[in-house]
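Pasted below: structure-v7.cif, mmCIF, C-alpha atoms.
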data_target
#
loop_
_atom_site.label_atom_id
_atom_site.label_comp_id
_atom_site.auth_asym_id
_atom_site.auth_seq_id
_atom_site.Cartn_x
_atom_site.Cartn_y
_atom_site.Cartn_z
CA LEU R 416 149.44 135.75 46.94
CA GLN R 417 151.42 134.76 43.84
CA ASN R 418 148.22 134.40 41.83
CA VAL R 419 146.84 137.89 42.51
CA ARG R 420 150.02 139.77 41.62
CA ILE R 421 150.36 141.42 38.22
CA ASP R 422 152.73 138.82 36.88
CA PRO R 423 152.55 137.01 33.52
CA LYS R 424 153.02 133.78 35.50
CA SER R 425 150.01 134.36 37.78
CA ILE R 426 146.55 132.88 37.24
CA SER R 427 144.86 136.29 37.36
CA PHE R 428 147.18 137.96 34.80
CA ASN R 429 145.10 137.10 31.74
CA MET R 430 141.96 138.17 33.57
CA TRP R 431 143.65 141.51 34.28
CA LYS R 432 145.03 141.89 30.74
CA ASP R 433 141.86 141.02 28.81
CA VAL R 434 138.89 141.32 31.12
CA PRO R 435 136.79 138.16 30.52
CA VAL R 436 133.76 139.59 32.30
CA PRO R 437 130.95 140.61 29.92
CA PHE R 438 130.52 144.34 30.58
CA TYR R 439 127.52 146.34 29.41
CA MET R 440 126.92 150.06 29.30
CA THR R 441 123.25 151.03 29.54
CA VAL R 442 122.17 154.57 28.74
CA HIS R 443 118.92 156.28 29.75
CA PHE R 444 118.05 159.69 28.29
CA PHE R 445 115.83 162.36 29.82
CA GLU R 446 113.63 163.70 27.04
CA VAL R 447 112.25 167.21 27.62
CA LEU R 448 108.50 167.14 26.95
CA ASN R 449 107.84 170.90 27.14
CA PRO R 450 110.81 172.69 25.52
CA LYS R 451 108.80 175.72 24.34
CA GLU R 452 107.34 176.24 27.79
CA VAL R 453 110.79 175.95 29.42
CA ILE R 454 112.05 178.75 27.16
CA ARG R 455 109.17 180.88 28.50
CA GLY R 456 110.16 180.14 32.10
CA ALA R 457 108.23 176.96 32.97
CA LYS R 458 109.54 174.03 35.01
CA PRO R 459 111.09 171.33 32.77
CA VAL R 460 109.08 168.13 32.42
CA VAL R 461 111.12 165.07 31.46
CA THR R 462 110.52 161.42 30.75
CA GLN R 463 113.10 158.65 30.80
CA ARG R 464 113.91 156.95 27.49
CA GLY R 465 115.79 153.71 27.00
CA PRO R 466 117.71 151.80 28.01
CA TYR R 467 120.07 151.80 25.04
CA VAL R 468 122.50 148.95 25.73
CA TYR R 469 126.07 148.55 24.51
CA ARG R 470 128.32 145.53 24.90
CA GLU R 471 131.66 146.70 26.19
CA PHE R 472 134.98 144.99 25.51
CA ARG R 473 138.10 146.02 27.43
CA SER R 474 141.70 145.13 26.66
CA LYS R 475 145.09 146.43 27.74
CA THR R 476 147.90 147.35 25.37
CA ASN R 477 151.37 148.89 25.70
CA ILE R 478 151.95 146.80 28.85
CA THR R 479 155.39 147.78 30.15
CA PHE R 480 156.96 146.49 33.35
CA HIS R 481 159.33 148.79 35.25
CA ASP R 482 162.18 148.14 37.69
CA ASN R 483 160.32 149.74 40.62
CA ASP R 484 157.64 147.01 40.70
CA THR R 485 155.13 148.97 38.63
CA VAL R 486 153.56 148.34 35.25
CA SER R 487 152.15 150.84 32.75
CA TYR R 488 149.34 150.19 30.29
CA LEU R 489 146.61 151.69 28.17
CA GLU R 490 143.16 150.13 28.45
CA TYR R 491 140.90 150.47 25.44
CA ARG R 492 137.12 150.28 25.45
CA HIS R 493 135.13 149.13 22.43
CA LEU R 494 131.35 149.51 22.48
CA PHE R 495 128.81 147.75 20.26
CA PHE R 496 125.10 148.47 20.25
CA GLU R 497 122.88 145.58 21.38
CA PRO R 498 119.45 146.07 19.78
CA ASP R 499 117.97 142.92 21.37
CA LEU R 500 118.75 144.20 24.86
CA SER R 501 117.67 147.78 24.19
CA ASN R 502 114.33 149.51 24.41
CA GLY R 503 114.69 151.50 21.21
CA THR R 504 117.21 152.07 18.42
CA GLU R 505 120.09 154.49 17.90
CA ASP R 506 118.05 156.16 15.14
CA GLU R 507 115.31 157.34 17.50
CA TYR R 508 114.94 161.08 17.98
CA ILE R 509 115.04 162.63 21.44
CA VAL R 510 114.46 166.25 22.49
CA VAL R 511 117.26 167.46 24.78
CA PRO R 512 118.90 170.81 25.50
CA ASN R 513 121.16 172.11 22.77
CA ILE R 514 124.15 171.20 24.90
CA LEU R 515 126.74 173.06 22.84
CA MET R 516 124.71 176.25 22.53
CA MET R 517 123.35 176.39 26.10
CA GLY R 518 126.72 175.48 27.55
CA ALA R 519 128.49 178.14 25.50
CA ALA R 520 125.86 180.74 26.46
CA VAL R 521 126.48 180.21 30.19
CA MET R 522 130.24 180.24 29.59
CA MET R 523 129.96 183.60 27.77
CA GLU R 524 127.72 185.25 30.36
CA LYS R 525 130.51 187.53 31.60
CA LEU R 526 131.72 188.57 28.15
CA PRO R 527 131.15 192.17 26.97
CA GLY R 528 127.64 192.93 25.77
CA PHE R 529 128.65 193.59 22.17
CA MET R 530 130.21 190.10 21.98
CA LYS R 531 126.96 188.52 23.13
CA ILE R 532 124.99 190.55 20.59
CA ILE R 533 127.29 189.31 17.81
CA LEU R 534 126.99 185.74 19.02
CA SER R 535 123.21 185.97 19.35
CA GLY R 536 123.03 187.16 15.74
CA ALA R 537 125.25 184.28 14.66
CA LEU R 538 123.04 181.79 16.52
CA ALA R 539 119.98 183.19 14.80
CA SER R 540 121.60 182.94 11.37
CA LEU R 541 122.56 179.33 12.09
CA LYS R 542 119.00 178.67 13.34
CA GLU R 543 120.38 177.40 16.65
CA GLU R 544 117.74 176.96 19.33
CA ALA R 545 117.83 176.23 23.06
CA PHE R 546 116.58 172.67 22.51
CA MET R 547 117.34 170.21 19.75
CA ASN R 548 115.75 167.07 18.35
CA ARG R 549 118.50 164.62 17.44
CA THR R 550 119.03 160.86 17.29
CA VAL R 551 120.51 158.78 20.07
CA ARG R 552 123.51 158.09 17.83
CA GLU R 553 124.12 161.79 17.22
CA ILE R 554 123.83 162.83 20.87
CA LEU R 555 126.18 160.09 22.05
CA TRP R 556 128.68 159.63 19.24
CA GLY R 557 128.73 163.04 17.62
CA TYR R 558 127.29 165.31 14.94
CA ASP R 559 128.64 168.16 12.86
CA ASP R 560 127.59 171.57 14.10
CA PRO R 561 128.68 174.83 12.38
CA LEU R 562 128.34 176.47 15.80
CA ILE R 563 131.74 175.04 16.73
CA ASP R 564 133.50 176.98 13.97
CA THR R 565 131.44 180.10 14.73
CA ILE R 566 132.38 180.12 18.41
CA ASN R 567 136.02 179.41 17.61
CA THR R 568 135.96 182.39 15.23
CA PHE R 569 134.41 184.91 17.61
CA VAL R 570 135.76 183.61 20.95
CA PRO R 571 138.95 181.64 20.21
CA GLY R 572 139.82 179.08 22.86
CA LEU R 573 136.37 179.02 24.49
CA ILE R 574 135.76 175.46 23.29
CA PRO R 575 139.22 174.12 22.36
CA PHE R 576 138.19 171.32 20.04
CA LYS R 577 137.14 170.79 16.45
CA GLY R 578 135.11 168.23 14.56
CA LYS R 579 132.01 166.43 15.77
CA PHE R 580 130.37 167.14 19.10
CA GLY R 581 128.86 164.30 21.18
CA LEU R 582 128.65 163.42 24.85
CA PHE R 583 130.56 160.13 24.40
CA VAL R 584 132.43 161.00 21.22
CA GLU R 585 135.80 160.29 22.87
CA LEU R 586 134.68 157.16 24.75
CA ASN R 587 134.44 154.48 22.06
CA ASN R 588 137.62 152.90 20.68
CA SER R 589 139.70 155.02 23.03
CA ASN R 590 141.66 154.68 26.24
CA SER R 591 141.23 156.34 29.62
CA GLY R 592 144.83 157.48 29.95
CA LEU R 593 148.16 155.89 30.79
CA PHE R 594 147.90 154.12 34.15
CA THR R 595 150.99 153.02 36.06
CA VAL R 596 150.11 150.68 38.92
CA ASN R 597 151.94 148.54 41.47
CA THR R 598 152.48 144.89 40.55
CA GLY R 599 152.57 143.63 44.15
CA MET R 600 155.72 141.59 43.45
CA LYS R 601 157.45 142.81 46.63
CA ASN R 602 154.53 144.24 48.57
CA ILE R 603 151.21 142.50 47.95
CA SER R 604 149.33 145.17 49.92
CA LYS R 605 150.08 147.66 47.11
CA VAL R 606 149.03 145.50 44.16
CA HIS R 607 146.85 147.41 41.64
CA MET R 608 147.34 150.68 43.54
CA VAL R 609 147.87 153.59 41.12
CA ASP R 610 151.37 155.05 41.07
CA THR R 611 150.68 157.65 38.36
CA TRP R 612 148.03 158.49 35.77
CA ASN R 613 149.35 160.10 32.58
CA GLY R 614 152.58 160.55 34.50
CA LEU R 615 150.88 162.53 37.27
CA LYS R 616 150.85 161.83 40.99
CA LYS R 617 147.91 164.21 41.31
CA VAL R 618 145.66 166.20 38.98
CA ASP R 619 145.17 169.96 38.91
CA TYR R 620 141.43 170.20 38.27
CA TRP R 621 140.42 171.06 41.83
CA GLN R 622 141.07 173.63 44.55
CA SER R 623 142.74 171.48 47.23
CA ASN R 624 145.55 168.95 47.39
CA GLU R 625 143.20 166.42 48.97
CA CYS R 626 140.72 166.60 46.09
CA ASN R 627 143.51 166.47 43.48
CA MET R 628 145.06 163.29 44.91
CA ILE R 629 145.07 160.13 42.79
CA ASN R 630 144.15 157.47 45.32
CA GLY R 631 143.33 153.77 45.24
CA THR R 632 143.37 151.50 42.22
CA ALA R 633 142.21 151.91 38.63
CA GLY R 634 138.85 150.44 39.64
CA GLU R 635 139.31 146.89 38.33
CA MET R 636 140.88 144.98 41.25
CA TRP R 637 142.04 145.73 44.77
CA PRO R 638 144.71 144.31 47.10
CA PRO R 639 143.77 140.97 48.72
CA PHE R 640 142.63 140.39 52.30
CA MET R 641 140.26 143.36 52.28
CA SER R 642 138.77 144.70 55.50
CA PRO R 643 135.08 145.66 55.71
CA THR R 644 135.76 149.41 55.76
CA SER R 645 136.18 151.19 52.42
CA LEU R 646 137.85 151.05 49.01
CA GLU R 647 139.19 153.75 46.69
CA PHE R 648 139.70 154.11 42.97
CA TYR R 649 140.58 156.86 40.51
CA SER R 650 137.97 157.58 37.83
CA PRO R 651 139.16 159.48 34.72
CA ASP R 652 135.49 159.89 33.72
CA ALA R 653 134.76 161.77 36.96
CA CYS R 654 138.23 163.39 37.01
CA ARG R 655 138.70 162.43 40.67
CA SER R 656 139.30 159.66 43.17
CA MET R 657 136.26 158.09 44.77
CA THR R 658 135.85 156.32 48.08
CA LEU R 659 133.14 153.70 48.53
CA VAL R 660 132.14 152.38 51.95
CA TYR R 661 131.32 148.89 53.19
CA GLU R 662 127.60 148.16 53.42
CA GLN R 663 127.20 144.43 54.07
CA SER R 664 128.61 140.95 53.57
CA GLY R 665 126.97 138.55 51.16
CA ASN R 666 127.76 136.11 48.40
CA PHE R 667 127.58 136.05 44.64
CA LYS R 668 126.62 132.60 43.33
CA GLY R 669 128.30 130.95 46.27
CA VAL R 670 131.38 133.18 46.42
CA PRO R 671 131.62 135.33 49.58
CA THR R 672 131.66 139.09 48.93
CA TYR R 673 131.79 142.49 50.58
CA ARG R 674 129.39 145.06 49.14
CA PHE R 675 130.71 148.61 48.84
CA VAL R 676 128.44 151.56 48.04
CA ALA R 677 128.70 155.32 47.64
CA PRO R 678 128.43 157.33 50.87
CA LYS R 679 125.91 160.17 50.94
CA THR R 680 128.86 162.55 51.09
CA LEU R 681 130.32 161.47 47.73
CA PHE R 682 128.86 164.42 45.80
CA ALA R 683 127.99 166.60 48.82
CA ASN R 684 128.90 170.29 48.62
CA GLY R 685 131.53 171.93 50.80
CA THR R 686 128.96 173.27 53.24
CA ASP R 687 127.50 169.86 54.07
CA TYR R 688 130.87 168.06 53.87
CA PRO R 689 133.92 170.36 54.28
CA PRO R 690 136.47 167.95 52.67
CA ASN R 691 134.59 168.47 49.38
CA GLU R 692 135.16 172.23 49.45
CA GLY R 693 138.03 171.66 47.02
CA PHE R 694 135.55 170.54 44.34
CA CYS R 695 133.73 173.89 44.47
CA PRO R 696 132.35 176.25 43.23
CA CYS R 697 129.40 174.19 44.45
CA MET R 698 125.65 174.35 44.18
CA GLN R 699 123.26 172.04 46.04
CA SER R 700 124.54 168.86 47.67
CA GLY R 701 124.37 165.79 45.47
CA ILE R 702 125.86 167.29 42.30
CA GLN R 703 129.53 167.87 41.54
CA ASN R 704 130.76 170.62 39.27
CA VAL R 705 133.08 169.04 36.67
CA SER R 706 133.43 172.13 34.47
CA THR R 707 137.17 172.38 35.20
CA CYS R 708 137.79 169.05 33.48
CA ARG R 709 135.07 169.42 30.83
CA LEU R 710 136.32 172.42 28.85
CA ASN R 711 134.72 174.78 31.44
CA ALA R 712 131.25 173.80 30.26
CA PRO R 713 128.60 174.03 33.04
CA MET R 714 128.44 170.25 33.50
CA PHE R 715 127.64 168.39 36.72
CA ILE R 716 127.73 164.72 37.67
CA SER R 717 125.45 163.05 40.18
CA HIS R 718 123.71 159.82 41.00
CA PRO R 719 120.81 159.01 38.61
CA HIS R 720 117.59 160.94 39.21
CA PHE R 721 119.51 163.00 41.82
CA TYR R 722 119.46 160.07 44.24
CA ASN R 723 121.07 161.11 47.56
CA ALA R 724 120.91 164.76 46.50
CA ASP R 725 119.23 167.87 47.83
CA PRO R 726 115.43 167.44 47.31
CA ALA R 727 115.39 170.89 45.68
CA LEU R 728 117.13 169.42 42.63
CA VAL R 729 114.39 166.80 42.20
CA ASP R 730 111.63 169.35 42.79
CA ALA R 731 113.01 171.66 40.09
CA VAL R 732 112.43 169.05 37.34
CA GLU R 733 109.18 167.14 36.95
CA GLY R 734 109.49 163.45 36.11
CA LEU R 735 112.34 162.32 38.40
CA HIS R 736 111.89 159.38 40.77
CA PRO R 737 115.10 158.58 42.71
CA SER R 738 115.36 155.20 44.43
CA LYS R 739 118.12 153.12 45.97
CA GLU R 740 117.08 149.96 44.09
CA GLU R 741 117.30 151.60 40.67
CA HIS R 742 119.93 154.31 41.06
CA ALA R 743 122.50 153.39 43.74
CA LEU R 744 125.90 152.13 42.58
CA PHE R 745 127.61 149.11 44.16
CA LEU R 746 130.65 146.85 43.98
CA ASP R 747 130.58 143.24 45.26
CA VAL R 748 134.21 142.23 45.86
CA HIS R 749 135.69 138.91 46.93
CA PRO R 750 137.61 140.05 50.03
CA MET R 751 140.31 137.37 49.92
CA THR R 752 141.51 138.29 46.41
CA GLY R 753 140.18 141.84 45.91
CA ILE R 754 138.52 140.79 42.63
CA PRO R 755 135.03 142.25 41.89
CA MET R 756 132.41 139.56 41.31
CA ASN R 757 129.48 141.84 40.45
CA CYS R 758 129.29 145.59 39.95
CA SER R 759 127.16 148.41 38.61
CA ILE R 760 128.67 151.90 38.52
CA LYS R 761 126.02 154.53 37.76
CA LEU R 762 126.47 158.22 36.99
CA GLN R 763 124.28 160.99 35.63
CA LEU R 764 125.34 163.89 33.38
CA ASN R 765 123.62 167.21 33.97
CA LEU R 766 123.73 170.61 32.28
CA TYR R 767 123.18 173.90 34.08
CA ILE R 768 120.93 176.08 31.91
CA LYS R 769 119.60 179.59 32.44
CA GLN R 770 118.61 182.80 30.71
CA VAL R 771 121.71 184.70 29.62
CA PRO R 772 121.11 188.42 28.96
CA GLY R 773 122.08 189.29 25.41
CA ILE R 774 121.60 185.74 24.11
CA LEU R 775 118.05 185.86 22.77
CA GLN R 776 117.83 182.11 22.19
CA THR R 777 117.95 181.48 25.95
CA GLY R 778 114.54 183.19 26.32
CA LYS R 779 113.36 183.33 29.94
CA ILE R 780 114.79 179.99 31.02
CA LYS R 781 114.96 179.79 34.78
CA PRO R 782 118.25 178.55 36.31
CA VAL R 783 118.06 174.77 36.66
CA VAL R 784 120.40 171.78 36.68
CA LEU R 785 118.78 169.70 33.96
CA PRO R 786 119.58 165.95 33.71
CA LEU R 787 120.68 164.86 30.23
CA LEU R 788 121.23 161.13 30.68
CA TRP R 789 122.41 158.55 33.15
CA PHE R 790 124.46 155.48 32.40
CA ALA R 791 125.54 152.32 34.17
CA GLU R 792 128.60 150.20 33.49
CA SER R 793 127.80 146.74 34.81
CA GLY R 794 129.40 143.33 34.77
CA SER R 795 129.61 140.07 36.70
CA ILE R 796 131.87 137.02 36.62
CA GLU R 797 130.11 134.03 35.07
CA GLY R 798 130.60 130.83 33.08
CA SER R 799 133.92 128.99 33.18
CA VAL R 800 135.65 131.88 34.96
CA LEU R 801 133.08 131.75 37.79
CA LYS R 802 133.43 127.95 38.00
CA GLN R 803 137.22 128.18 38.27
CA PHE R 804 136.89 130.97 40.83
CA TYR R 805 134.44 128.97 42.94
CA THR R 806 136.54 125.81 42.81
CA ASN R 807 139.85 127.48 43.73
CA LEU R 808 138.57 130.02 46.24
CA VAL R 809 135.56 128.34 47.88
CA LEU R 810 135.62 124.55 47.50
CA LEU R 811 139.36 123.95 47.93
CA PRO R 812 139.74 126.24 50.99
CA SER R 813 136.69 124.57 52.57
CA LEU R 814 138.15 121.13 51.85
CA LEU R 815 141.51 122.12 53.32
CA GLU R 816 139.81 123.50 56.39
CA TYR R 817 137.87 120.21 56.77
CA VAL R 818 141.08 118.20 56.43
CA GLN R 819 142.73 120.47 58.98
CA TYR R 820 140.07 119.66 61.55
CA ILE R 821 140.43 115.93 60.83
CA VAL R 822 144.19 116.16 61.35
CA LEU R 823 143.71 118.13 64.57
CA GLY R 824 141.14 115.60 65.74
CA LEU R 825 143.51 112.69 65.10
CA SER R 826 146.54 114.44 66.60
CA GLY R 827 145.19 114.16 70.17
CA PRO R 828 144.97 110.32 70.29
CA LEU R 829 148.30 110.04 68.43
CA ILE R 830 150.04 112.24 71.01
CA ILE R 831 148.56 110.22 73.88
CA ALA R 832 149.60 106.95 72.24
CA ALA R 833 153.12 108.25 71.70
CA ALA R 834 153.34 109.30 75.35
CA VAL R 835 152.16 105.86 76.55
CA LEU R 836 154.70 104.09 74.32
CA MET R 837 157.48 106.25 75.69
#
So that I can check it, write out the structure of this file as structure tokens.
Amino acid sequence: LQNVRIDPKSISFNMWKDVPVPFYMTVHFFEVLNPKEVIRGAKPVVTQRGPYVYREFRSKTNITFHDNDTVSYLEYRHLFFEPDLSNGTEDEYIVVPNILMMGAAVMMEKLPGFMKIILSGALASLKEEAFMNRTVREILWGYDDPLIDTINTFVPGLIPFKGKFGLFVELNNSNSGLFTVNTGMKNISKVHMVDTWNGLKKVDYWQSNECNMINGTAGEMWPPFMSPTSLEFYSPDACRSMTLVYEQSGNFKGVPTYRFVAPKTLFANGTDYPPNEGFCPCMQSGIQNVSTCRLNAPMFISHPHFYNADPALVDAVEGLHPSKEEHALFLDVHPMTGIPMNCSIKLQLNLYIKQVPGILQTGKIKPVVLPLLWFAESGSIEGSVLKQFYTNLVLLPSLLEYVQYIVLGLSGPLIIAAAVLM
């Protein structure tokens, strides 16, 4: 118990402070093969590109212990491209929706007609089109687009940011917010459980108190002596708490584990799963609207290839092949300590596109939730850390148990002998 608390004196403290597990982020893009046809109303045809692999280093800073048995910290992520592990380079070009333009068009659908006419003229003068051909580096880490200044001029506050636009532009060399978690010093059952995130007990993105709750841990470790039921964590990337459910027991390189996976209801809509009504407005089951925490852009998250989603989403885009083996997320956790041994968290980013009257560049695009990319953050304990883990948590307990049986076996004759002597 002492060694799983967040305490500078505990064995696990350094593992918690500077995660020794080699993490990798792999990114797969969905390239649109028929952009001109899609503008004329055809079904999108996509092909998967990648993976583009990044080595991820995590470290905590600003670690501050408080009197109420909590500790606050910022965890930074640093990503470095791994060309030898990737199927392609960051300089490769990929055809994807013009995310900024198509997102802004949907967001401006309810604006007065004259505003859309002005914007459509501005888009034409900037030569903005519904689809763009940009490099992996630009799509992920940002590119300069005069459209940002144009939109901010005509519709101030619609997209409240300046500078480069990229899907992961704020991910690298940044933190995921100020977490304050329980240390477990007085109550080990609360260790790693989130007390606040950015000073909040709950967020305000969603429509119900249940959906706004910040539950579970920060997703790195859990309290020890886990039961084979479920686990929870708060994900700033998804802007919500997530609950995974127990699937099966197993072992990772000799260390016993519980495997936790996503239930089919994780991204279900409010009709199929009423507790998720607070995440609406909803569309089909299997995709979650995250526009309220993504600058009101028509963005959705899901499992890769719409795994576990309404088949209509897969049928609307040609080239998707969902499978549990490739696209299901999982966490393998050592139940005695609550430390993950092996994990792969997978999410897909999607953009809702459609024809917007008054915006000529949107052509006759039929309404569709179009996948942009999916990514996995994966890691497993290995090397000297795994060896130490196995020795302390598998070999020694087994040896102690063996000795216990020997002592119990000898205690019977000793008791009898003592009784005879008396």
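Across the model, the gap from atom CA of R:Cys654 to atom CA of R:His720 is 20.9 Å.
Among the candidate residues R:Pro786, R:Pro750, R:Pro772, R:Gly599, the one lying nearest to R:Pro643 is R:Pro750, with distances computed using only C-alpha atoms.
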Quiz item: Nearest to R:Leu744 among R:Leu659, R:Gly685, R:Gly798, R:Gly778, with distances taken over only C-alpha atoms: which residue is it?
Solution: R:Leu659
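Take the candidates R:Val705, R:Ile780, R:Ile774, R:Leu762 and check each one against R:Ala539 using all atoms listed in the file; the shortest distance goes to R:Ile774.
Straight-line separation from atom CA of R:Trp789 to atom CA of R:Met440: 10.4 Å.
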Quiz item: So which residues get picked by the PyMOL selection byres ((chain R and resi 482-490) around 9) here, written as number ranges by chain?
Solution: R: 421, 432, 473-481, 491-492, 589-602, 606-607, 609-611
Quiz item: Using all atoms listed in the file, which residue out of R:Met714, R:Ala683, R:Val436, R:Ala724 lies closest to R:Ala743?
Solution: R:Ala724
Self-check item: Selected residue, from R:Met522, R:Val460, R:Ile532, R:Met641, that lies nearest to R:Met751 when counting only C-alpha atoms
Solution: R:Met641
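Taking atom CA of R:Lys451 as the reference point, atom CA of R:Leu710 is found at 28.1 Å.
With all atoms listed in the file as the basis for measurement, R:Gly701 is the residue among R:Gly773, R:Gly665, R:Pro737, R:Gly701 that approaches R:Asp725 most closely.
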Quiz prompt | Selection dump of the PyMOL selection byres ((chain R and resi 633-635) around 7), as a ChimeraX atom specification | solution = /R:609,631-632,636,648-649
Self-check item: Answer key for the PyMOL selection byres ((chain R and resi 668) around 12), residues as an NGL selection string
Solution: :R and (665-667 or 669-672 or 747 or 749 or 756-757 or 795-798 or 801-802 or 804-805 or 809)
Could you work out an axis-aligned box for stretch 653-671 of chain R, taking every atom the file lists and adding 8 Å on each side, and report centre and edge lengths in Å to one decimal, as JSON?
{"center_x": 133.0, "center_y": 147.2, "center_z": 45.5, "size_x": 28.7, "size_y": 48.4, "size_z": 33.1}
Skip R:Arg709 itself and residues of its chain fewer than 2 positions away, then list as a PDB file with C-alpha atoms, in the frame of the given file all residues within 10 Å of it, counting all atoms listed in the file.
ATOM      1  CA  ILE R 574     135.760 175.460  23.290  1.00  0.00           C
ATOM      2  CA  TYR R 620     141.430 170.200  38.270  1.00  0.00           C
ATOM      3  CA  ASP R 652     135.490 159.890  33.720  1.00  0.00           C
ATOM      4  CA  ALA R 653     134.760 161.770  36.960  1.00  0.00           C
ATOM      5  CA  CYS R 654     138.230 163.390  37.010  1.00  0.00           C
ATOM      6  CA  ASN R 704     130.760 170.620  39.270  1.00  0.00           C
ATOM      7  CA  VAL R 705     133.080 169.040  36.670  1.00  0.00           C
ATOM      8  CA  SER R 706     133.430 172.130  34.470  1.00  0.00           C
ATOM      9  CA  THR R 707     137.170 172.380  35.200  1.00  0.00           C
ATOM     10  CA  ASN R 711     134.720 174.780  31.440  1.00  0.00           C
ATOM     11  CA  ALA R 712     131.250 173.800  30.260  1.00  0.00           C
ATOM     12  CA  PRO R 713     128.600 174.030  33.040  1.00  0.00           C
ATOM     13  CA  MET R 714     128.440 170.250  33.500  1.00  0.00           C
ATOM     14  CA  PHE R 715     127.640 168.390  36.720  1.00  0.00           C
TER      15      PHE R 715
END
Exercise. List every protein, DNA or RNA residue that has an atom no more than 10 Å from (128.6, 144.2, 30.9) in the file's coordinate frame, counting all atoms listed in the file, and report them as a ChimeraX atom specification.
Key: /R:436-441,468-472,757-759,791-796
Can you give me N, CA, C and O atoms for stretch 586-597 of chain R, written as a PDB file, in the coordinates of the input?
ATOM      1  N   LEU R 586     134.716 158.350  23.889  1.00  0.00           N
ATOM      2  CA  LEU R 586     134.680 157.160  24.750  1.00  0.00           C
ATOM      3  C   LEU R 586     134.945 155.875  23.980  1.00  0.00           C
ATOM      4  O   LEU R 586     135.708 155.016  24.426  1.00  0.00           O
ATOM      5  N   ASN R 587     134.324 155.724  22.804  1.00  0.00           N
ATOM      6  CA  ASN R 587     134.440 154.480  22.060  1.00  0.00           C
ATOM      7  C   ASN R 587     135.778 154.377  21.341  1.00  0.00           C
ATOM      8  O   ASN R 587     136.291 155.360  20.801  1.00  0.00           O
ATOM      9  N   ASN R 588     136.344 153.162  21.342  1.00  0.00           N
ATOM     10  CA  ASN R 588     137.620 152.900  20.680  1.00  0.00           C
ATOM     11  C   ASN R 588     138.730 153.825  21.167  1.00  0.00           C
ATOM     12  O   ASN R 588     139.573 154.294  20.390  1.00  0.00           O
ATOM     13  N   SER R 589     138.701 154.123  22.453  1.00  0.00           N
ATOM     14  CA  SER R 589     139.700 155.020  23.030  1.00  0.00           C
ATOM     15  C   SER R 589     140.143 154.475  24.379  1.00  0.00           C
ATOM     16  O   SER R 589     139.561 153.524  24.906  1.00  0.00           O
ATOM     17  N   ASN R 590     141.182 155.095  24.926  1.00  0.00           N
ATOM     18  CA  ASN R 590     141.660 154.680  26.240  1.00  0.00           C
ATOM     19  C   ASN R 590     141.391 155.770  27.258  1.00  0.00           C
ATOM     20  O   ASN R 590     141.092 156.911  26.912  1.00  0.00           O
ATOM     21  N   SER R 591     141.514 155.404  28.537  1.00  0.00           N
ATOM     22  CA  SER R 591     141.230 156.340  29.620  1.00  0.00           C
ATOM     23  C   SER R 591     142.502 156.907  30.231  1.00  0.00           C
ATOM     24  O   SER R 591     142.498 157.336  31.380  1.00  0.00           O
ATOM     25  N   GLY R 592     143.585 156.919  29.470  1.00  0.00           N
ATOM     26  CA  GLY R 592     144.830 157.480  29.950  1.00  0.00           C
ATOM     27  C   GLY R 592     145.838 156.407  30.323  1.00  0.00           C
ATOM     28  O   GLY R 592     145.506 155.228  30.464  1.00  0.00           O
ATOM     29  N   LEU R 593     147.077 156.821  30.473  1.00  0.00           N
ATOM     30  CA  LEU R 593     148.160 155.890  30.790  1.00  0.00           C
ATOM     31  C   LEU R 593     148.220 155.679  32.297  1.00  0.00           C
ATOM     32  O   LEU R 593     148.604 156.575  33.053  1.00  0.00           O
ATOM     33  N   PHE R 594     147.840 154.488  32.735  1.00  0.00           N
ATOM     34  CA  PHE R 594     147.900 154.120  34.150  1.00  0.00           C
ATOM     35  C   PHE R 594     149.225 153.412  34.419  1.00  0.00           C
ATOM     36  O   PHE R 594     149.677 152.571  33.634  1.00  0.00           O
ATOM     37  N   THR R 595     149.843 153.754  35.534  1.00  0.00           N
ATOM     38  CA  THR R 595     150.990 153.020  36.060  1.00  0.00           C
ATOM     39  C   THR R 595     150.622 152.554  37.452  1.00  0.00           C
ATOM     40  O   THR R 595     150.328 153.388  38.329  1.00  0.00           O
ATOM     41  N   VAL R 596     150.586 151.232  37.650  1.00  0.00           N
ATOM     42  CA  VAL R 596     150.110 150.680  38.920  1.00  0.00           C
ATOM     43  C   VAL R 596     151.153 149.721  39.498  1.00  0.00           C
ATOM     44  O   VAL R 596     152.037 149.239  38.792  1.00  0.00           O
ATOM     45  N   ASN R 597     151.036 149.458  40.785  1.00  0.00           N
ATOM     46  CA  ASN R 597     151.940 148.540  41.470  1.00  0.00           C
ATOM     47  C   ASN R 597     151.625 147.095  41.099  1.00  0.00           C
ATOM     48  O   ASN R 597     150.451 146.710  41.009  1.00  0.00           O
TER      49      ASN R 597
END
